[in-house]
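See below for model38.cif, which holds mmCIF, C-alpha atoms and all ligand atoms.
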```
data_run
loop_
_atom_site.label_atom_id
_atom_site.label_comp_id
_atom_site.auth_asym_id
_atom_site.auth_seq_id
_atom_site.Cartn_x
_atom_site.Cartn_y
_atom_site.Cartn_z
CA MET A 441 77.68 90.45 99.02
CA TYR A 442 77.86 89.86 102.77
CA CYS A 443 81.29 90.22 104.26
CA LYS A 444 82.34 89.77 107.84
CA THR A 445 85.61 90.09 109.65
CA TRP A 446 86.23 87.03 111.76
CA GLY A 447 88.82 86.21 114.34
CA GLY A 448 89.24 89.53 116.15
CA ASN A 449 92.37 91.57 115.80
CA ARG A 450 94.83 88.72 115.67
CA HIS A 451 93.67 87.23 112.40
CA SER A 452 91.29 89.39 110.42
CA MET A 453 89.65 87.52 107.62
CA GLN A 454 87.15 88.63 105.00
CA ILE A 455 84.50 86.04 104.27
CA ASP A 456 82.24 85.97 101.29
CA ARG A 457 78.80 84.39 101.80
CA ARG A 458 78.67 82.91 98.28
CA LYS A 459 82.10 81.33 98.66
CA VAL A 460 81.12 79.83 102.01
CA ILE A 461 77.90 78.33 100.63
CA ALA A 462 79.75 76.91 97.64
CA ALA A 463 82.42 75.41 99.91
CA LEU A 464 79.74 73.77 102.05
CA GLY A 465 78.21 72.05 99.02
CA GLY A 466 75.81 74.67 97.61
CA THR A 467 72.51 76.27 98.65
CA LEU A 468 70.53 73.01 98.73
CA ALA A 469 73.11 71.27 100.88
CA VAL A 470 73.18 74.20 103.31
CA GLN A 471 69.34 74.36 103.46
CA SER A 472 69.15 70.67 104.32
CA MET A 473 71.43 71.13 107.36
CA ASP A 474 70.00 71.78 110.79
CA ALA A 475 71.32 74.77 112.75
CA GLU A 476 73.95 72.72 114.56
CA ALA A 477 75.29 71.06 111.41
CA ARG A 478 75.38 74.45 109.70
CA ALA A 479 77.31 76.02 112.58
CA GLU A 480 79.74 73.12 112.60
CA ALA A 481 80.27 73.28 108.82
CA LEU A 482 80.81 77.04 109.01
CA GLU A 483 83.31 76.63 111.81
CA GLY A 484 85.21 74.01 109.80
CA TYR A 485 85.24 76.30 106.79
CA LEU A 486 86.46 79.30 108.81
CA SER A 487 89.15 77.30 110.50
CA ASP A 488 90.40 76.01 107.11
CA GLU A 489 90.38 79.55 105.72
CA LEU A 490 92.20 80.88 108.76
CA ASP A 491 94.82 78.17 108.40
CA MET A 492 95.25 79.06 104.72
CA SER A 493 95.78 82.73 105.55
CA VAL A 494 98.40 81.83 108.17
CA PHE A 495 100.05 79.37 105.77
CA SER A 496 100.28 81.94 103.01
CA LYS A 497 101.99 84.38 105.39
CA LEU A 498 104.47 81.58 106.04
CA GLY A 499 105.26 81.26 102.35
CA ALA A 500 102.67 78.71 101.20
CA PRO A 501 101.71 78.79 97.53
CA SER A 502 98.29 80.32 96.86
CA LYS A 503 96.95 77.00 95.63
CA SER A 504 97.77 73.36 96.27
CA MET A 505 99.99 71.60 93.76
CA THR A 506 100.51 68.01 92.76
CA VAL A 507 103.69 66.12 93.58
CA ALA A 508 104.79 66.44 89.94
CA GLU A 509 104.20 70.22 89.98
CA LEU A 510 106.24 70.59 93.16
CA ASP A 511 109.02 68.39 91.71
CA GLY A 512 108.96 70.58 88.61
CA GLN A 513 110.09 73.50 90.79
CA ILE A 514 113.27 71.83 92.05
CA ASP A 515 115.63 73.42 89.54
CA ARG A 516 113.80 76.72 89.77
CA ARG A 517 114.63 77.19 93.44
CA PRO A 518 117.79 78.72 94.90
CA LEU A 519 117.53 76.38 97.88
CA ARG A 520 116.78 72.72 98.33
CA ARG A 521 113.64 72.31 100.44
CA GLY A 522 115.38 69.98 102.90
CA ILE A 523 117.98 72.57 103.95
CA GLY A 524 118.41 73.31 107.67
CA THR A 525 116.86 76.62 108.67
CA LEU A 526 120.11 77.94 110.16
CA PHE A 527 121.88 77.77 106.81
CA SER A 528 120.09 80.35 104.76
CA SER A 529 118.11 83.53 104.92
CA GLY A 530 114.59 82.98 103.68
CA GLY A 531 113.01 80.07 101.94
CA THR A 532 113.60 77.78 104.87
CA ASN A 533 109.90 77.43 105.69
CA PRO A 534 108.35 74.06 104.81
CA PHE A 535 107.26 75.45 101.44
CA GLY A 536 110.76 76.49 100.38
CA ASN A 537 109.51 79.89 99.22
CA ARG A 538 111.24 83.14 100.07
CA LEU A 539 108.89 85.58 101.82
CA PRO A 540 108.69 89.18 100.67
CA GLY A 541 110.80 91.25 103.02
CA GLU A 542 113.05 88.42 104.14
CA PRO A 543 116.61 89.76 104.32
CA ALA A 544 118.98 88.71 101.53
CA ASN A 545 121.74 87.73 103.92
CA VAL A 546 121.88 85.46 106.93
CA PRO A 547 121.98 87.16 110.34
CA ARG A 548 125.11 87.25 112.49
CA LEU A 549 124.62 84.68 115.24
CA ALA A 550 125.19 85.48 118.90
CA PRO A 551 128.16 83.60 120.35
CA MET A 552 127.42 80.48 122.38
CA PRO A 553 128.61 80.13 125.98
CA ALA A 554 131.68 77.93 126.56
CA THR A 555 129.61 75.07 128.00
CA PRO A 556 126.26 75.41 126.26
CA THR A 557 123.11 73.85 127.67
CA LEU A 558 119.97 72.77 125.87
CA LEU A 559 118.27 76.00 126.95
CA ASP A 560 121.18 78.01 125.50
CA PHE A 561 120.53 76.28 122.17
CA PHE A 562 116.84 77.15 122.47
CA LYS A 563 117.65 80.81 123.11
CA LEU A 564 120.54 81.28 120.68
CA ARG A 565 120.09 78.77 117.83
CA PHE A 566 116.61 77.22 117.79
CA ALA A 567 114.80 80.53 118.46
CA PRO A 568 112.07 81.47 117.94
CA ALA A 569 111.13 77.74 118.06
CA THR A 570 107.52 78.89 118.31
CA HIS A 571 106.15 75.67 116.88
CA VAL A 572 107.81 73.26 119.32
CA LEU A 573 107.27 75.54 122.32
CA GLN A 574 103.56 75.77 121.53
CA SER A 575 103.39 72.00 120.98
CA ALA A 576 105.07 71.29 124.33
CA ASP A 577 102.83 73.83 126.03
CA LYS A 578 99.77 72.12 124.58
CA ALA A 579 101.05 68.74 125.84
CA LEU A 580 101.69 70.26 129.27
CA THR A 581 98.19 71.75 129.42
CA ALA A 582 96.75 68.36 128.40
CA GLY A 583 98.44 66.89 131.48
CA LEU A 584 100.69 64.50 129.55
CA PRO A 585 103.68 62.85 131.25
CA GLU A 586 106.85 64.91 131.43
CA ASP A 587 108.81 62.72 129.01
CA ILE A 588 106.11 63.24 126.37
CA VAL A 589 106.16 67.01 126.97
CA LEU A 590 109.93 66.88 126.43
CA ALA A 591 109.49 64.85 123.22
CA CYS A 592 107.05 67.50 121.96
CA LEU A 593 109.53 70.24 122.90
CA LEU A 594 112.35 68.59 120.97
CA HIS A 595 110.52 66.97 118.07
CA ASP A 596 111.31 69.49 115.31
CA VAL A 597 114.34 71.49 116.50
CA ALA A 598 116.76 69.40 114.40
CA GLN A 599 115.19 71.20 111.43
CA THR A 600 117.72 73.93 112.17
CA LEU A 601 120.31 71.38 110.98
CA MET A 602 118.29 69.47 108.39
CA LYS A 603 114.65 69.46 107.44
CA ALA A 604 114.76 66.35 105.22
CA ASP A 605 114.10 63.26 107.39
CA HIS A 606 114.10 65.52 110.44
CA GLY A 607 112.58 62.88 112.73
CA TRP A 608 115.58 60.59 112.27
CA TRP A 609 118.08 63.44 112.50
CA ALA A 610 116.47 64.69 115.71
CA ALA A 611 116.27 61.26 117.33
CA GLN A 612 119.97 60.72 116.62
CA LEU A 613 120.91 64.19 117.88
CA PHE A 614 119.19 63.57 121.23
CA GLU A 615 119.98 59.86 121.67
CA PRO A 616 122.88 60.33 124.15
CA TYR A 617 120.84 62.64 126.37
CA VAL A 618 117.27 61.38 126.68
CA SER A 619 115.43 58.10 127.26
CA LYS A 620 114.91 55.56 124.47
CA LYS A 621 111.19 56.25 124.65
CA VAL A 622 111.72 59.94 123.91
CA THR A 623 113.96 59.23 120.90
CA PHE A 624 111.49 56.60 119.69
CA ALA A 625 108.67 59.15 119.84
CA ILE A 626 110.72 61.80 118.04
CA ARG A 627 111.93 59.41 115.31
CA TYR A 628 108.53 57.95 114.51
CA HIS A 629 106.47 61.12 114.63
CA GLN A 630 107.88 61.76 111.17
CA ALA A 631 106.10 58.71 109.76
CA LEU A 632 102.96 58.78 111.93
CA ARG A 633 101.98 62.32 110.98
CA PHE A 634 100.89 61.07 107.53
CA TYR A 635 98.51 58.45 108.94
CA PRO A 636 95.19 59.34 110.55
CA ASP A 637 94.19 57.64 113.79
CA PRO A 638 90.48 58.28 114.33
CA SER A 639 90.63 56.58 117.76
CA VAL A 640 92.51 59.63 119.06
CA GLY A 641 91.03 62.19 116.67
CA TYR A 642 94.16 62.62 114.55
CA GLU A 643 93.49 63.58 110.95
CA TYR A 644 95.76 64.03 107.94
CA PRO A 645 96.91 67.68 108.16
CA GLN A 646 95.46 69.92 105.49
CA LEU A 647 98.81 71.72 105.46
CA TYR A 648 100.48 68.63 103.97
CA ASN A 649 98.55 69.05 100.73
CA LEU A 650 100.45 72.31 100.31
CA ILE A 651 103.83 71.00 101.47
CA PHE A 652 103.95 67.53 99.94
CA GLY A 653 101.40 67.78 97.10
CA THR A 654 97.73 66.90 96.87
CA ASP A 655 98.41 63.38 95.52
CA TYR A 656 101.35 62.61 97.82
CA THR A 657 101.83 59.03 98.99
CA PRO A 658 104.54 58.45 101.60
CA PRO A 659 107.48 56.36 100.30
CA PRO A 660 107.87 52.70 101.36
CA TYR A 661 110.34 53.41 104.20
CA ILE A 662 107.82 55.78 105.80
CA GLU A 663 105.02 53.24 105.37
CA ALA A 664 107.26 50.57 106.94
CA ALA A 665 108.18 52.88 109.84
CA HIS A 666 104.48 53.60 110.42
CA LYS A 667 103.64 49.86 110.49
CA TYR A 668 106.52 49.13 112.87
CA CYS A 669 105.52 51.97 115.19
CA ARG A 670 101.81 51.05 115.14
CA ASP A 671 102.55 47.70 116.77
CA HIS A 672 105.12 49.02 119.22
CA LYS A 673 104.50 49.45 122.94
CA TRP A 674 105.53 53.11 122.62
CA TYR A 675 103.18 53.86 119.73
CA MET A 676 101.18 56.35 121.81
CA ALA A 677 104.33 58.29 122.76
CA ALA A 678 105.02 58.99 119.08
CA ARG A 679 101.34 59.52 118.35
CA GLN A 680 101.13 62.15 121.11
CA ILE A 681 103.71 64.25 119.26
CA THR A 682 101.49 64.28 116.18
CA ILE A 683 98.39 65.03 118.27
CA ASN A 684 100.11 67.99 119.95
CA ASP A 685 101.79 69.11 116.73
CA LEU A 686 100.27 72.44 115.75
CA TYR A 687 99.65 72.87 112.07
CA SER A 688 98.31 76.37 112.32
CA PHE A 689 101.04 78.44 113.81
CA ASP A 690 99.93 81.27 116.06
CA PRO A 691 102.69 83.90 116.13
CA ASN A 692 101.02 85.67 119.06
CA HIS A 693 101.16 82.77 121.48
CA VAL A 694 104.63 83.22 122.95
CA VAL A 695 105.97 80.51 125.24
CA ASP A 696 109.22 81.05 127.14
CA PRO A 697 111.54 78.01 126.90
CA ALA A 698 112.39 78.60 130.58
CA LYS A 699 108.92 77.22 131.36
CA PHE A 700 110.37 73.76 130.68
CA THR A 701 113.52 74.15 132.81
CA ASP A 702 112.41 71.63 135.45
CA ILE A 703 111.26 69.03 132.92
CA ILE A 704 114.54 69.39 131.02
CA GLY A 705 116.42 69.08 134.33
CA ARG A 706 114.67 65.81 135.13
CA HIS A 707 114.69 64.19 131.68
CA PHE A 708 117.66 65.58 129.72
CA ARG A 709 121.20 64.54 130.70
CA GLN A 710 123.02 67.83 130.32
CA PRO A 711 126.77 67.10 129.89
CA LYS A 712 128.97 69.16 132.24
CA GLU A 713 131.40 69.91 129.35
CA GLY A 714 128.55 71.50 127.39
CA LEU A 715 126.67 70.16 124.36
CA GLY A 716 129.22 69.73 121.58
CA PHE A 717 132.19 69.15 123.87
CA ASP A 718 131.35 65.91 125.68
CA ASN A 719 132.67 63.52 123.01
CA SER A 720 129.25 61.94 122.64
CA PRO A 721 128.49 60.27 119.28
CA THR A 722 126.48 63.36 118.30
CA ALA A 723 128.72 66.11 119.74
CA HIS A 724 129.71 67.16 116.19
CA MET A 725 126.05 67.76 115.33
CA TRP A 726 125.72 70.14 118.28
CA ARG A 727 128.93 71.93 117.23
CA THR A 728 127.56 72.37 113.70
CA ILE A 729 124.39 73.93 115.09
CA ALA A 730 126.48 76.12 117.41
CA ASN A 731 128.73 77.24 114.56
CA PRO A 732 127.06 76.86 111.16
CA ASP A 733 129.53 79.48 109.84
CA ALA A 734 132.46 77.02 110.01
CA PRO A 735 133.72 76.85 106.40
CA LEU A 736 134.73 73.18 106.37
FE FE B 801 108.00 67.08 112.60
FE FE B 802 105.96 69.55 114.38
#
```
Do you think you could lay out the structure here as structure tokens?
Ligand SMILES: [Fe+2]
Ligand SMILES: [Fe+2]
Amino acid sequence: MYCKTWGGNRHSMQIDRRKVIAALGGTLAVQSMDAEARAEALEGYLSDELDMSVFSKLGAPSKSMTVAELDGQIDRRPLRRGIGTLFSSGGTNPFGNRLPGEPANVPRLAPMPATPTLLDFFKLRFAPATHVLQSADKALTAGLPEDIVLACLLHDVAQTLMKADHGWWAAQLFEPYVSKKVTFAIRYHQALRFYPDPSVGYEYPQLYNLIFGTDYTPPPYIEAAHKYCRDHKWYMAARQITINDLYSFDPNHVVDPAKFTDIIGRHFRQPKEGLGFDNSPTAHMWRTIANPDAPL
């Protein structure tokens, strides 16, 4: 058996030649490929395997399940999968599985300043926020407009409050503070992520087979939201979130939220009273994130 470690120190991965050949369609299929096709197929295989190893560290099940199998686990879980990540220790990853070594109890949260800003929430409540920071960084590197970078930065942070329907929750949370285009993009990324768009190279994420089930079909309201968004003048704003969404999370790529200070300053209306205390229609949502320990 030929084994090789791939990916350097950050992600060591053992690969088995026989498994690779089988995954590429068998010996005959591999022999019929030219060198370039073979290299491409191998790269695809390795990238899938690398994703799987990262996903399993994040709590993914070892094999994909059907929708019915995942539903069958509902009353065998201590937590509902849609719970906001601030409200429990462990099991708040998209798979709803507790990781070995996750503490039994929730951590004590650092107090918030009297007039909290968006960056305070990033540092004290959304942290580590690795996924959105990496997404926004990717959008920035791609040279996208600042409002789209901001949309990427904000698109998933409402998952601290609620993971179920997080696109709608997030859009509502940010509505008083950002442009309509940014909230549109955030709201509709939730539906668009299920629908490939080959014209921009967006494919259905492999990760979703693990999260939603291998035979998952989005419900009618998601299908309707996708259709509505498709024909909208801001379709590409929402699509850009899905393009810059990172489905393989690299824990070693650290991005400081302060990097986005200027963009936030130009595109986020920070209330002088502080988020939660400005009597906006969503101030209560900010207070709940600031103090999820409030008993009632
Ligand atoms: Fe999302
Ligand atoms: Fe995301």
Original post:
Which one is closest to ligand FE 802 (chain B): A:Ser619, A:Thr701, A:Thr654, A:Gln599? Count only C-alpha atoms and all ligand atoms.
Top reply: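 Counting only C-alpha atoms and all ligand atoms, the residue closest to ligand FE 802 (chain B) is A:Gln599.
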Original post:
Which of these, A:Leu584, A:Ala665, A:Leu564, A:Ile681, has the shortest distance to ligand FE 801 (chain B) once you count only C-alpha atoms and all ligand atoms?
Top reply: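 Among the listed residues, A:Ile681 lies closest to ligand FE 801 (chain B).
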**OP:** Quick one: residues within 12 Å of (119.0, 73.5, 121.7) (file frame), counting all atoms listed in the file, please, as a PyMOL selection string.
**Re:** chain A and resi 552+556-569+572-573+593-601+610+613-614+617+697+704+708+710+714-716+725-730
**OP:** May I have the residues within 12 Å of ligand FE 802 (chain B), computed using only C-alpha atoms and all ligand atoms, as an MDAnalysis selection string?
**Re:** chainID A and resid 534 569:576 591:599 603 606:607 610 626:633 645 647:648 678:689
**OP:** Identify which of the residues A:Val618, A:Asp515, A:Leu580, A:Val546 lies closest to A:Arg709, counting only C-alpha atoms when measuring atom-to-atom distances.
**Re:**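 Smallest distance to A:Arg709 is found for A:Val618.
Using only C-alpha atoms and all ligand atoms, the shortest contact distance between ligand FE 801 (chain B) and any of A:Trp608, A:Val494, A:Asp587, A:Asn692 is found at A:Trp608.
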Original post:
Mind pulling up the distance from atom CA of A:Ala625 to atom CA of A:Glu586?
Top reply: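 Atom CA of A:Ala625 lies at a distance of 13.1 Å from atom CA of A:Glu586.
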**OP:** Find the residue from A:Pro636, A:Pro691, A:Pro659, A:Pro732 that sits nearest to A:Asp605; use all atoms listed in the file when measuring.
**Re:**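 The closest residue to A:Asp605 is A:Pro659.
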Subject >> Point-to-point distance in Å for atom CA of A:Ala611 and atom CA of A:Tyr635 >> reply: 19.8 Å
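One distance worth recording is that between atom CA of A:Leu736 and atom CA of A:His724, which is 12.6 Å.
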Subject >> A:Asn545, A:Thr623, A:Ser720, A:Thr657 ranked by distance to A:Trp674, top pick (using only C-alpha atoms) >> reply: A:Thr623
**OP:** Excluding stretch 470-477 of chain A and residues on its chain fewer than 6 positions from it, collect all residues at most 10 Å away from it, counting all atoms listed in the file, and give them as number ranges by chain.
**Re:** A: 460-464, 483
Box dimensions and centre (Å, one decimal) enclosing stretch 692-707 of chain A, axis-aligned, 6 Å extra per side, as AutoDock Vina command-line options:
```
--center_x 108.7 --center_y 74.9 --center_z 127.3 --size_x 27.4 --size_y 33.5 --size_z 28.4
```
